[in-house]
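Since the structure comes first, as structure tokens, the remarks are kept for the end.
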Amino acid sequence: MIRNSFFEKEVADISKKSTSKVEELFNNLINYGYENEISDIHIEPYLEDYRIRMRKDGELTEYQRIPKTLALALIGRIKVLTELDIGEKRFPQDGRFKGIIDIQLVDFRVSTVPFLRGERCVIRILNQNKKFNLDNLGFSRETYEKIYRCINKKNGLIIITGPTGSGKTTTLYSILNYLNNGDKNILTIEDPVEYEIEGISQSQCKMEIGLDYQKLLRGFLRQDPDVIFIGEIRDKETGEIALRSALTGHLVLTTLHTKNCVSALERLKDLGIDMFLLINGISLIQSQRLVKKKYKDGYKGRIAIEETLEFTDSLREYILDEGNLKYIREKLVDIKFKNLYERGMEKVKNGETTLNEIFKECQC
């Protein structure tokens, strides 16, 4: 199928005959990726050639092999579109470009890194027309009740945690989209900005000039914010600013890369954040995974599995009385907290996924 595609910086119309093998290959890769809901395109160097792989639903599969000369020319074309240094092959580079495919706006995020056998390139495809609807994420009724209860408050810290590719961005953008009703000042700090949302003021860290999370956050607090989204808490100072903001009338959303809700608490404590600040500032922690969804005799798409810990007064009192997190798991059993594995088994019983997927993704 021929698609009309235009790319910023250098314009290519693939409805016309391609002028070169490189342009034809590039257009084919982009169109195939878009058409088949591919999240990432990998262009990888080998001894004799380059391998191209595509990631869909979390799994990489080989797409084709191409000669080295063609691969180098392809990476060169991608660098031109992304405005990267075409001659620089000694250091990693990152950039992005935009395209319109069948009148749909698509963002492409590019990373190049030197390896032993040559330069490797990964293109992430970000469809800017993606719909972020919180009610369509497939969480349990109990989880939705907790989430809506916390995001409708005017203050508190909400943490979404999990490994890369667990749907954290989708969950948080869906919450932001829900909150974006015109009566709130919503500010975000991202590294990088993945999706642009009309009505929200989004900013991006620029480490090369010293513009980090802390500097942006301090500036945000003078912008009269109602909602602040911090891409990730990576250090003590960012964590403390986020928690103090949550305690002084701001709803704060963020992510962590931890395996479950309890380990998210432990990570923040290990950063040196005061326990009183930690326990009183957090409203909710949700850890999640994406598992393959059953479809006929195989799989099609993915669904979310989540564990959600809401910080009630009784839970806060228990943790502060204990003075540490040593016995929190026992307390979670008492309050009938359902962990990732238990939520996953519910999906298996409902015929939505398989036991193998739960063992693979939810054993933590």
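Here's how to read the names in the structure tokens: chain A, B, ... by the order shown, residue numbers from 1 in each chain, ligand numbers from 1 in the order shown.
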
Exercise for review: Going by DSSP on the backbone, which bits of range 282-353 of chain A are helix (DSSP H, G or I)? Write them as a PyMOL selection string, please.
Suggested key: chain A and resi 313-322+328-334+340-349

Exercise for review: Write out as an MDAnalysis selection string which residues come within 9 Å of range 57-63 of chain A when counting only C-alpha atoms, dropping same-chain ones fewer than 6 positions away.
Suggested key: chainID A and resid 37:40 42 51 165 290:292 300:302

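CA of Lys338 in chain A to CA of Asp270 in chain A spans 24.7 Å [interatomic distance, one decimal].
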
Review point. Near Gly182 in chain A, counting only C-alpha atoms, which residues have an atom at most 12 Å away, once you skip same-chain residues fewer than 6 positions from it, shown as a PyMOL selection string?
Key: chain A and resi 176+198-200+226

Revision key, fill the gap. Counting only C-alpha atoms, closest pick from A:Leu221, A:Ile335, A:Leu271, A:Ile305 relative to Leu137 in chain A is A:Ile305

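CA of Glu190 in chain A to CA of Glu232 in chain A spans 8.0 Å [interatomic distance, one decimal].
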
**Study point:** Residue neighbourhood range 206-210 of chain A, 10 Å, only C-alpha atoms, exclusion window fewer than 5 positions, as a ChimeraX atom specification
**Key:** /A:190-192,215

Export of prior selection with C-alpha atoms as a PDB file, in the first residue's frame:
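Output file result-v7.pdb is given in full below:
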ATOM      1  CA  GLU A 190      10.244  15.470  30.726  1.00  0.00           C
ATOM      2  CA  ASP A 191      13.448  13.940  29.398  1.00  0.00           C
ATOM      3  CA  PRO A 192      12.493  13.904  26.602  1.00  0.00           C
ATOM      4  CA  LYS A 215      16.268  23.866  38.230  1.00  0.00           C
TER       5      LYS A 215
END

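Take the candidates A:Asp102, A:Met54, A:Arg141, A:Gly87 and check each one against Arg124 in chain A using only C-alpha atoms; the shortest distance goes to A:Met54.
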
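Minimum atom-to-atom distances from A:Arg289, A:Ile147, A:Asn129, A:Glu306 to Lys360 in chain A were compared using only C-alpha atoms, and the lowest value belongs to A:Arg289.
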
Review point. Which residues come within 12 Å of Asp297 in chain A, counting only C-alpha atoms, excluding same-chain residues fewer than 4 positions away, as number ranges by chain?
Key: A: 293, 353-354

Mind writing the picked residues with N, CA, C and O atoms as a PDB file, in the first residue's frame?
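Contents of the output file selection36.pdb:
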ATOM      1  N   LYS A 293      -2.008 -10.225  25.287  1.00  0.00           N
ATOM      2  CA  LYS A 293      -3.432 -10.507  25.411  1.00  0.00           C
ATOM      3  C   LYS A 293      -3.811 -11.694  24.530  1.00  0.00           C
ATOM      4  O   LYS A 293      -3.431 -11.758  23.359  1.00  0.00           O
ATOM      5  N   THR A 353      -5.281 -13.479  29.459  1.00  0.00           N
ATOM      6  CA  THR A 353      -3.876 -13.752  29.177  1.00  0.00           C
ATOM      7  C   THR A 353      -3.558 -15.170  29.633  1.00  0.00           C
ATOM      8  O   THR A 353      -4.479 -15.928  29.987  1.00  0.00           O
ATOM      9  N   THR A 354      -2.286 -15.539  29.630  1.00  0.00           N
ATOM     10  CA  THR A 354      -1.908 -16.908  29.978  1.00  0.00           C
ATOM     11  C   THR A 354      -1.013 -16.937  31.205  1.00  0.00           C
ATOM     12  O   THR A 354      -0.375 -15.941  31.566  1.00  0.00           O
TER      13      THR A 354
END
